[in-house]
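Shown next: data.cif, given as mmCIF, C-alpha atoms.
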data_structure
#
loop_
_atom_site.label_atom_id
_atom_site.label_comp_id
_atom_site.auth_asym_id
_atom_site.auth_seq_id
_atom_site.Cartn_x
_atom_site.Cartn_y
_atom_site.Cartn_z
CA MET A 47 159.90 80.46 179.81
CA SER A 48 157.91 83.42 181.20
CA ARG A 49 155.34 83.00 183.91
CA ARG A 50 151.78 84.17 183.43
CA LYS A 51 151.16 87.35 185.50
CA LEU A 52 148.06 87.25 187.68
CA PRO A 53 145.72 90.28 188.02
CA THR A 54 146.85 92.58 190.81
CA ASP A 55 143.60 92.25 192.76
CA ARG A 56 144.09 88.49 193.02
CA VAL A 57 147.69 88.49 194.28
CA MET A 58 147.49 87.93 198.04
CA PRO A 59 148.78 85.47 200.62
CA ALA A 60 146.75 82.27 200.78
CA SER A 61 146.17 82.77 204.52
CA VAL A 62 144.48 86.17 204.05
CA GLN A 63 140.70 86.09 204.01
CA LYS A 64 139.25 87.67 200.88
CA LEU A 65 136.90 90.58 201.55
CA ARG A 66 134.57 91.55 198.69
CA CYS A 67 134.28 95.34 198.51
CA ALA A 68 131.38 97.15 196.83
CA VAL A 69 131.78 100.81 195.86
CA TYR A 70 128.68 102.97 196.25
CA THR A 71 128.46 106.44 194.70
CA ARG A 72 125.69 109.06 194.69
CA LYS A 73 124.92 112.58 193.46
CA SER A 74 121.78 114.50 194.45
CA THR A 75 121.17 116.06 191.00
CA ASP A 76 121.68 114.80 187.47
CA GLU A 77 123.54 117.97 186.45
CA GLY A 78 126.84 117.13 184.75
CA LEU A 79 126.27 113.36 184.72
CA ASP A 80 126.37 113.36 180.91
CA LYS A 81 130.05 114.38 180.97
CA GLU A 82 132.72 111.84 180.04
CA PHE A 83 134.18 112.05 183.57
CA ASN A 84 131.68 113.12 186.21
CA THR A 85 131.53 113.25 190.00
CA LEU A 86 130.36 109.62 190.23
CA ASP A 87 133.47 108.55 188.31
CA ALA A 88 135.65 110.67 190.63
CA GLN A 89 134.11 109.07 193.72
CA ARG A 90 134.57 105.61 192.26
CA ASP A 91 138.24 106.20 191.33
CA ALA A 92 139.02 107.32 194.90
CA CYS A 93 137.26 104.27 196.37
CA GLU A 94 138.96 101.84 193.99
CA ALA A 95 142.36 103.34 194.81
CA TYR A 96 141.65 102.85 198.53
CA ILE A 97 140.62 99.22 197.94
CA ALA A 98 143.82 98.62 195.96
CA SER A 99 145.83 100.01 198.88
CA GLN A 100 144.24 97.39 201.14
CA ARG A 101 144.98 94.47 198.81
CA ALA A 102 147.39 92.95 201.33
CA GLU A 103 144.48 92.77 203.80
CA GLY A 104 142.50 90.67 201.35
CA TRP A 105 140.32 93.43 199.87
CA VAL A 106 139.06 92.77 196.33
CA LEU A 107 136.73 94.91 194.25
CA VAL A 108 133.21 93.78 193.39
CA HIS A 109 132.87 94.87 189.78
CA ASP A 110 129.13 95.48 189.91
CA ARG A 111 128.53 99.25 189.84
CA TYR A 112 126.23 100.84 192.42
CA ASP A 113 125.78 104.40 191.14
CA ASP A 114 122.78 106.61 192.03
CA GLY A 115 122.87 109.75 189.93
CA GLY A 116 120.13 112.30 190.61
CA PHE A 117 118.89 110.82 193.92
CA SER A 118 118.65 112.59 197.29
CA GLY A 119 120.45 111.23 200.32
CA GLY A 120 117.38 111.94 202.43
CA THR A 121 115.60 108.80 201.26
CA LEU A 122 116.40 105.10 200.82
CA GLU A 123 114.31 104.88 197.63
CA ARG A 124 117.31 104.63 195.32
CA PRO A 125 117.68 101.87 192.70
CA ALA A 126 121.41 101.21 193.09
CA LEU A 127 121.16 101.26 196.90
CA LYS A 128 118.33 98.73 196.75
CA ARG A 129 120.48 96.46 194.56
CA LEU A 130 123.35 96.82 197.01
CA LEU A 131 121.14 95.91 199.98
CA ALA A 132 119.80 92.90 198.09
CA ASP A 133 123.37 91.71 197.38
CA ILE A 134 124.27 92.20 201.05
CA GLU A 135 121.33 90.05 202.10
CA GLN A 136 122.43 87.37 199.62
CA GLY A 137 125.97 87.35 201.05
CA ARG A 138 127.75 88.81 198.00
CA VAL A 139 129.37 91.81 199.75
CA ASP A 140 131.66 92.04 202.81
CA VAL A 141 132.64 95.74 202.80
CA ILE A 142 130.86 98.87 201.55
CA VAL A 143 133.21 101.62 200.42
CA VAL A 144 132.06 105.22 199.87
CA TYR A 145 133.84 108.51 199.25
CA LYS A 146 132.05 110.30 202.11
CA ILE A 147 129.49 109.11 204.62
CA ASP A 148 126.77 111.46 203.27
CA ARG A 149 126.96 109.66 199.91
CA LEU A 150 125.30 106.69 201.60
CA SER A 151 122.72 108.66 203.61
CA ARG A 152 121.96 112.11 205.01
CA SER A 153 119.39 110.87 207.51
CA LEU A 154 120.25 109.51 210.95
CA MET A 155 117.13 107.33 211.00
CA ASP A 156 117.82 105.88 207.55
CA PHE A 157 121.49 105.27 208.34
CA ALA A 158 120.52 103.43 211.53
CA LYS A 159 118.46 101.07 209.36
CA LEU A 160 121.39 100.58 206.99
CA VAL A 161 123.80 99.86 209.86
CA GLU A 162 121.33 97.36 211.31
CA THR A 163 121.19 95.53 207.96
CA MET A 164 125.00 95.57 207.66
CA GLU A 165 125.56 94.22 211.16
CA ALA A 166 122.97 91.48 210.63
CA HIS A 167 124.98 90.19 207.64
CA GLY A 168 128.50 90.88 208.96
CA VAL A 169 129.19 93.74 206.53
CA THR A 170 131.50 96.63 207.46
CA PHE A 171 131.42 100.21 206.22
CA VAL A 172 134.32 102.43 205.14
CA SER A 173 134.48 106.11 204.16
CA VAL A 174 137.75 106.77 202.33
CA THR A 175 137.92 110.47 203.30
CA GLN A 176 136.70 110.07 206.91
CA SER A 177 138.72 107.51 208.81
CA PHE A 178 136.82 105.69 211.58
CA ASN A 179 136.00 102.15 212.68
CA THR A 180 132.34 101.32 213.35
CA THR A 181 133.26 98.28 215.43
CA THR A 182 134.24 100.49 218.42
CA SER A 183 132.09 102.78 220.59
CA MET A 184 134.27 105.80 219.66
CA GLY A 185 133.88 104.98 215.98
CA ARG A 186 130.08 104.81 216.32
CA LEU A 187 130.11 108.17 218.16
CA THR A 188 132.17 109.71 215.36
CA LEU A 189 129.75 108.23 212.84
CA ASN A 190 126.72 109.71 214.59
CA ILE A 191 128.38 113.14 214.79
CA LEU A 192 129.17 113.11 211.08
CA LEU A 193 125.64 111.96 210.26
CA SER A 194 124.15 114.71 212.42
CA PHE A 195 126.07 117.32 210.44
CA ALA A 196 125.07 115.66 207.15
CA GLN A 197 121.39 115.75 208.14
CA PHE A 198 121.75 119.35 209.34
CA GLU A 199 123.29 120.35 206.01
CA ARG A 200 120.44 118.70 204.09
CA GLU A 201 117.81 120.49 206.20
CA VAL A 202 119.56 123.86 205.78
CA ILE A 203 119.68 123.38 202.00
CA GLY A 204 115.96 122.49 202.01
CA GLU A 205 115.10 125.60 204.02
CA ARG A 206 117.17 127.75 201.69
CA ILE A 207 115.37 126.35 198.64
CA ARG A 208 111.94 126.84 200.23
CA ASP A 209 112.81 130.44 201.21
CA LYS A 210 114.02 131.18 197.69
CA PHE A 211 110.85 129.67 196.21
CA ALA A 212 108.62 131.75 198.53
CA ALA A 213 110.57 134.96 197.73
CA SER A 214 110.29 134.27 194.00
CA ARG A 215 106.54 133.69 194.28
CA ALA A 216 106.18 136.93 196.26
CA ARG A 217 107.76 138.71 193.29
CA GLY A 218 105.18 137.09 191.01
CA MET A 219 107.64 134.80 189.22
CA TRP A 220 106.66 131.57 187.47
CA MET A 221 108.37 128.73 189.36
CA GLY A 222 107.61 125.84 187.04
CA GLY A 223 105.03 123.09 187.11
CA LYS A 224 102.21 122.27 184.74
CA VAL A 225 101.63 125.13 182.30
CA PRO A 226 97.98 126.25 182.55
CA LEU A 227 95.66 126.41 179.56
CA GLY A 228 95.93 129.86 178.00
CA TYR A 229 99.69 130.31 178.50
CA ASP A 230 103.02 129.20 177.07
CA VAL A 231 106.41 129.38 178.81
CA VAL A 232 109.02 131.59 177.12
CA ALA A 233 112.36 132.25 178.86
CA ARG A 234 110.90 130.82 182.11
CA LYS A 235 107.98 133.25 182.05
CA LEU A 236 104.28 132.78 181.32
CA VAL A 237 103.22 134.36 178.02
CA PRO A 238 99.54 134.43 176.91
CA ASN A 239 98.58 132.03 174.12
CA GLU A 240 95.74 133.94 172.45
CA ALA A 241 94.07 130.89 170.90
CA GLU A 242 93.97 129.08 174.25
CA ALA A 243 93.09 132.28 176.13
CA ALA A 244 89.90 132.50 174.08
CA ARG A 245 89.01 128.98 175.28
CA VAL A 246 89.57 130.00 178.90
CA ARG A 247 87.33 133.06 178.53
CA ARG A 248 84.69 130.85 176.90
CA VAL A 249 84.69 128.62 179.99
CA PHE A 250 84.13 131.66 182.22
CA GLY A 251 81.46 133.08 179.92
CA LEU A 252 79.48 129.84 179.69
CA PHE A 253 79.53 129.40 183.46
CA VAL A 254 78.15 132.91 183.94
CA GLU A 255 75.49 132.14 181.35
CA THR A 256 74.44 128.75 182.71
CA GLY A 257 75.38 128.94 186.39
CA SER A 258 76.07 125.19 186.22
CA GLY A 259 79.31 123.25 185.92
CA VAL A 260 77.54 120.29 184.32
CA GLU A 261 75.81 122.44 181.71
CA THR A 262 79.04 124.33 181.04
CA VAL A 263 80.86 121.04 180.36
CA ARG A 264 78.05 119.87 178.05
CA ARG A 265 78.21 123.09 176.03
CA LEU A 266 82.02 123.06 175.91
CA GLN A 267 82.10 119.48 174.65
CA ALA A 268 79.43 120.29 172.04
CA GLU A 269 81.60 123.19 170.84
CA GLY A 270 84.77 121.06 170.85
CA VAL A 271 86.57 123.19 173.46
CA GLY A 272 89.35 121.03 174.93
CA SER A 273 92.36 121.16 177.23
CA LYS A 274 95.93 122.07 176.27
CA SER A 275 96.46 118.52 175.00
CA GLY A 276 93.13 118.50 173.15
CA ARG A 277 91.37 116.27 175.67
CA PRO A 278 87.69 117.19 176.27
CA LEU A 279 87.26 119.22 179.46
CA ASP A 280 85.41 117.55 182.33
CA LYS A 281 83.70 119.07 185.37
CA GLY A 282 86.89 118.96 187.46
CA ASP A 283 88.83 120.79 184.72
CA VAL A 284 86.16 123.51 184.55
CA TYR A 285 86.24 124.21 188.29
CA LYS A 286 90.06 124.25 188.33
CA ILE A 287 90.02 126.84 185.54
CA LEU A 288 87.39 128.94 187.31
CA ASN A 289 89.46 129.03 190.53
CA LEU A 290 92.95 129.55 189.06
CA ARG A 291 94.04 133.09 189.95
CA THR A 292 96.76 132.92 187.31
CA TYR A 293 94.11 134.01 184.81
CA ILE A 294 93.70 137.43 186.47
CA GLY A 295 97.47 138.01 186.63
CA GLU A 296 98.11 136.76 190.16
CA VAL A 297 100.14 133.98 191.81
CA THR A 298 99.48 132.14 195.07
CA HIS A 299 101.78 130.53 197.62
CA LYS A 300 100.64 128.91 200.87
CA GLY A 301 97.41 130.87 201.02
CA HIS A 302 98.94 134.23 200.09
CA VAL A 303 98.14 136.04 196.82
CA TYR A 304 100.72 138.18 194.99
CA PRO A 305 100.67 140.21 191.73
CA GLY A 306 102.20 138.11 188.96
CA GLU A 307 104.78 139.02 186.34
CA HIS A 308 102.50 137.59 183.61
CA ALA A 309 99.56 139.29 181.89
CA ALA A 310 95.96 138.50 182.82
CA ILE A 311 93.76 136.85 180.19
CA VAL A 312 90.42 137.03 182.06
CA PRO A 313 88.87 140.43 182.90
CA GLN A 314 88.45 141.12 186.62
CA GLU A 315 84.73 141.86 186.11
CA LEU A 316 84.16 138.44 184.53
CA TRP A 317 86.12 136.76 187.35
CA ASP A 318 84.01 138.54 189.97
CA ARG A 319 80.75 137.48 188.30
CA VAL A 320 81.86 133.85 188.20
CA HIS A 321 82.90 133.83 191.85
CA ALA A 322 79.67 135.51 192.92
CA ILE A 323 77.90 132.51 191.38
CA LEU A 324 80.34 130.06 192.99
CA GLN A 325 79.46 131.48 196.42
CA VAL A 326 75.99 129.95 195.97
CA SER A 327 75.81 126.22 196.72
CA PRO A 328 75.48 123.90 193.70
CA ARG A 329 72.11 122.65 194.99
CA ALA A 330 70.76 126.21 195.25
CA ARG A 331 72.06 127.01 191.76
CA ALA A 332 70.37 123.90 190.37
CA ALA A 333 67.09 124.94 192.00
CA GLN A 334 67.38 128.42 190.48
CA ASN A 335 68.07 126.94 187.07
CA ARG A 336 64.97 124.75 187.33
CA GLN A 337 62.86 127.75 188.29
CA HIS A 338 64.03 129.63 185.21
CA ALA A 339 63.71 126.63 182.87
CA PRO A 340 61.13 127.46 180.15
CA ALA A 341 57.80 125.62 180.24
CA LEU A 342 56.99 125.67 176.54
CA LEU A 343 53.35 124.61 176.95
CA LYS A 344 52.52 126.95 179.84
CA GLY A 345 49.18 128.68 179.15
CA LEU A 346 48.42 126.37 176.24
CA ILE A 347 47.23 123.21 178.03
CA PHE A 348 43.83 123.06 179.74
CA GLY A 349 42.08 120.33 181.72
CA ILE A 350 38.67 118.83 180.92
CA ASP A 351 37.11 121.34 183.28
CA GLY A 352 38.66 124.21 181.33
CA ARG A 353 41.27 125.18 183.93
CA ALA A 354 44.84 125.90 182.78
CA MET A 355 47.51 123.27 183.50
CA SER A 356 50.58 124.46 185.48
CA PRO A 357 54.12 123.06 184.98
CA THR A 358 55.73 121.25 187.91
CA HIS A 359 58.33 118.58 188.54
CA SER A 360 59.36 115.81 190.92
CA ARG A 361 62.44 113.67 191.46
CA LYS A 362 62.54 109.88 191.77
CA ASN A 363 65.60 107.60 191.96
CA GLY A 364 67.84 110.51 191.06
CA ARG A 365 65.90 111.43 187.91
CA LEU A 366 63.92 114.66 187.32
CA TYR A 367 60.36 114.31 185.92
CA ARG A 368 58.49 117.33 184.51
CA TYR A 369 54.70 117.33 184.04
CA TYR A 370 51.61 119.55 184.14
CA VAL A 371 48.84 119.56 186.72
CA ALA A 372 45.50 121.35 186.87
CA GLN A 373 45.47 124.62 188.78
CA ARG A 374 43.33 124.77 191.91
#
The structure given in the file should be rewritten as structure tokens.
Amino acid sequence: MSRRKLPTDRVMPASVQKLRCAVYTRKSTDEGLDKEFNTLDAQRDACEAYIASQRAEGWVLVHDRYDDGGFSGGTLERPALKRLLADIEQGRVDVIVVYKIDRLSRSLMDFAKLVETMEAHGVTFVSVTQSFNTTTSMGRLTLNILLSFAQFEREVIGERIRDKFAASRARGMWMGGKVPLGYDVVARKLVPNEAEAARVRRVFGLFVETGSGVETVRRLQAEGVGSKSGRPLDKGDVYKILNLRTYIGEVTHKGHVYPGEHAAIVPQELWDRVHAILQVSPRARAAQNRQHAPALLKGLIFGIDGRAMSPTHSRKNGRLYRYYVAQR
């Protein structure tokens, strides 16, 4: 009669205390995560093999997966990490196992918070490729040194990305983001969309004609001129369009203006006319518009004494009232 074989992770001396081990894995980008065997799987295999090697010490694997694919180590706002911390607080985990310390965090301040939570609940931390013990002063020193280098590496990578972005903008390259009305993106470059470009030029032309953002919006909505998605343009949309230097073939980065790789869709002369108007305050423009508003009955209305009536206006409770008074 054969005996039933127990699972390997449950075979241990009765006197050994069982330690529940949770494996945490992380990757900063989501590139390659759709592969059958990705870096998260590789990290997990290494951690599970280490846990199996410690079976005699009572280590058993917690089968819940804590995988954060596409999340930076510079923040604690990660869904799997939040689940892990919640399980720690509920007493479901005794040991956290990671492939490298920077998989858990790349920030000294954040890691200090994690260690504080672990110590409060009696949880230990193990990195399978970096051997140290956080229960001793030397182990904590080693941990802080490794974290310092992890944080330094993250900051260097960030600086390198920012420098590359700034250099690309200086060359006039399109670096992504919301595609402006009037353009499409082809092969990572802005290409004029002639149908939309006509809408953009109409916005500029109406503003030159009316000198008013409100009146421009009213006319645009009456004509059915909308945004890239077809939504009616509002006043905020109009002013964003009027101030976007992309339309004259330029790009901006941190207050600096560079020639762009893309073609302009608004003539420089039209841009200059619009911005000459924008230099005048909205209140002054409104006053000018009122002065030039036609008084259709001027010279046609006379008082009982035979004197001509002059057009005038007043404002009350935010409303404008137009009327005629006798000339003196």
Report summary line: From CA of Val225 (chain A) to CA of Thr262 (chain A) the spacing works out at 22.6 Å
Requested in this report: Considering all atoms listed in the file, state which residue in the set A:Ser275, A:Lys159, A:Ser99, A:Ser74 is at the smallest distance from Gly119 (chain A).
Outcome: A:Ser74
Requested in this report: Compare A:Gln136, A:Gln100, A:Gln197, A:Thr175 by their minimum atom-to-atom distance to Asp156 (chain A), counting all atoms listed in the file, and give me the closest one.
Outcome: A:Gln197
Query raised in the report: Any chance you could work out the residue set of the PyMOL selection byres ((chain A and resi 310) around 9) here, as a ChimeraX atom specification?
Result: /A:238,292-296,306,308-309,311-314
Fewer than 5 positions away in the same chain doesn't count, so skip those; otherwise give me all residues within 7 Å of Gly115 (chain A), counting only C-alpha atoms, as a PDB file with C-alpha atoms, in the frame of the given file.
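Heads up, here's the output in selection.pdb:
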ATOM      1  CA  ARG A  72     125.690 109.060 194.690  1.00  0.00           C
ATOM      2  CA  LYS A  73     124.920 112.580 193.460  1.00  0.00           C
ATOM      3  CA  SER A  74     121.780 114.500 194.450  1.00  0.00           C
ATOM      4  CA  THR A  75     121.170 116.060 191.000  1.00  0.00           C
ATOM      5  CA  ASP A  76     121.680 114.800 187.470  1.00  0.00           C
TER       6      ASP A  76
END
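Between Leu266 (chain A) and the residues A:Pro226, A:Pro278, A:Gly301, A:Gly116, the shortest atom-to-atom distance, using all atoms listed in the file, involves A:Pro278.
You will find CA of Leu290 (chain A) at 15.8 Å from CA of Val237 (chain A).
On the file presented, the PyMOL selection byres ((chain A and resi 126) around 6) picks out A:Tyr112, A:Asp113, A:Asp114, A:Arg124, A:Pro125, A:Leu127, A:Lys128, A:Arg129.
CA of Ile203 (chain A) is positioned 23.0 Å from CA of Arg234 (chain A).
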Query raised in the report: Evaluating the PyMOL selection byres ((chain A and resi 230) around 12) on the displayed file yields which residues, as an NGL selection string?
Result: :A and (220 or 222-229 or 231-243 or 274 or 308-309)
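Distance annotation: of A:Ser118, A:Ser194, A:Gln89, A:Thr188, the residue with the minimal separation from Lys146 (chain A) is A:Gln89; atom set is all atoms listed in the file.
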Query raised in the report: Skipping near chain neighbours, those fewer than 4 positions away, what residues fall within 6 Å of Leu65 (chain A) using only C-alpha atoms, listed as a list in words?
Result: Gly104, Trp105 and Asp140 of chain A
Keeping only C-alpha atoms, write the selected residues as an mmCIF file, in the frame of the given file.
data_model
loop_
_atom_site.group_PDB
_atom_site.id
_atom_site.type_symbol
_atom_site.label_atom_id
_atom_site.label_comp_id
_atom_site.auth_asym_id
_atom_site.auth_seq_id
_atom_site.Cartn_x
_atom_site.Cartn_y
_atom_site.Cartn_z
ATOM 1 C CA GLY A 104 142.500 90.670 201.350
ATOM 2 C CA TRP A 105 140.320 93.430 199.870
ATOM 3 C CA ASP A 140 131.660 92.040 202.810
#
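Among A:Val297, A:Ala244, A:Leu288, A:Val174, the residue with the shortest atom-to-atom distance to Val143 (chain A), counting all atoms listed in the file, is A:Val174.
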Surrounding residues of Leu150 (chain A) excluding itself and chain neighbours under 2 positions, 8 Å, all atoms listed in the file, as a PDB file with C-alpha atoms, keeping the file's coordinate frame:
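Wrote it out as around.pdb, contents follow:
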ATOM      1  CA  TYR A  70     128.680 102.970 196.250  1.00  0.00           C
ATOM      2  CA  THR A  71     128.460 106.440 194.700  1.00  0.00           C
ATOM      3  CA  ARG A  72     125.690 109.060 194.690  1.00  0.00           C
ATOM      4  CA  GLY A 119     120.450 111.230 200.320  1.00  0.00           C
ATOM      5  CA  VAL A 144     132.060 105.220 199.870  1.00  0.00           C
ATOM      6  CA  LYS A 146     132.050 110.300 202.110  1.00  0.00           C
ATOM      7  CA  ILE A 147     129.490 109.110 204.620  1.00  0.00           C
ATOM      8  CA  ASP A 148     126.770 111.460 203.270  1.00  0.00           C
ATOM      9  CA  ARG A 152     121.960 112.110 205.010  1.00  0.00           C
ATOM     10  CA  PHE A 157     121.490 105.270 208.340  1.00  0.00           C
TER      11      PHE A 157
END
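With distances restricted to only C-alpha atoms, A:Arg66 is the closest residue to Ile134 (chain A) from A:His302, A:Arg66, A:Arg264, A:Arg90.
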**Report entry** Residues within 12 Å of (121.2, 119.0, 210.9), file coords, only C-alpha atoms, listed as a ChimeraX atom specification
**Finding:** /A:120,152-154,190-205
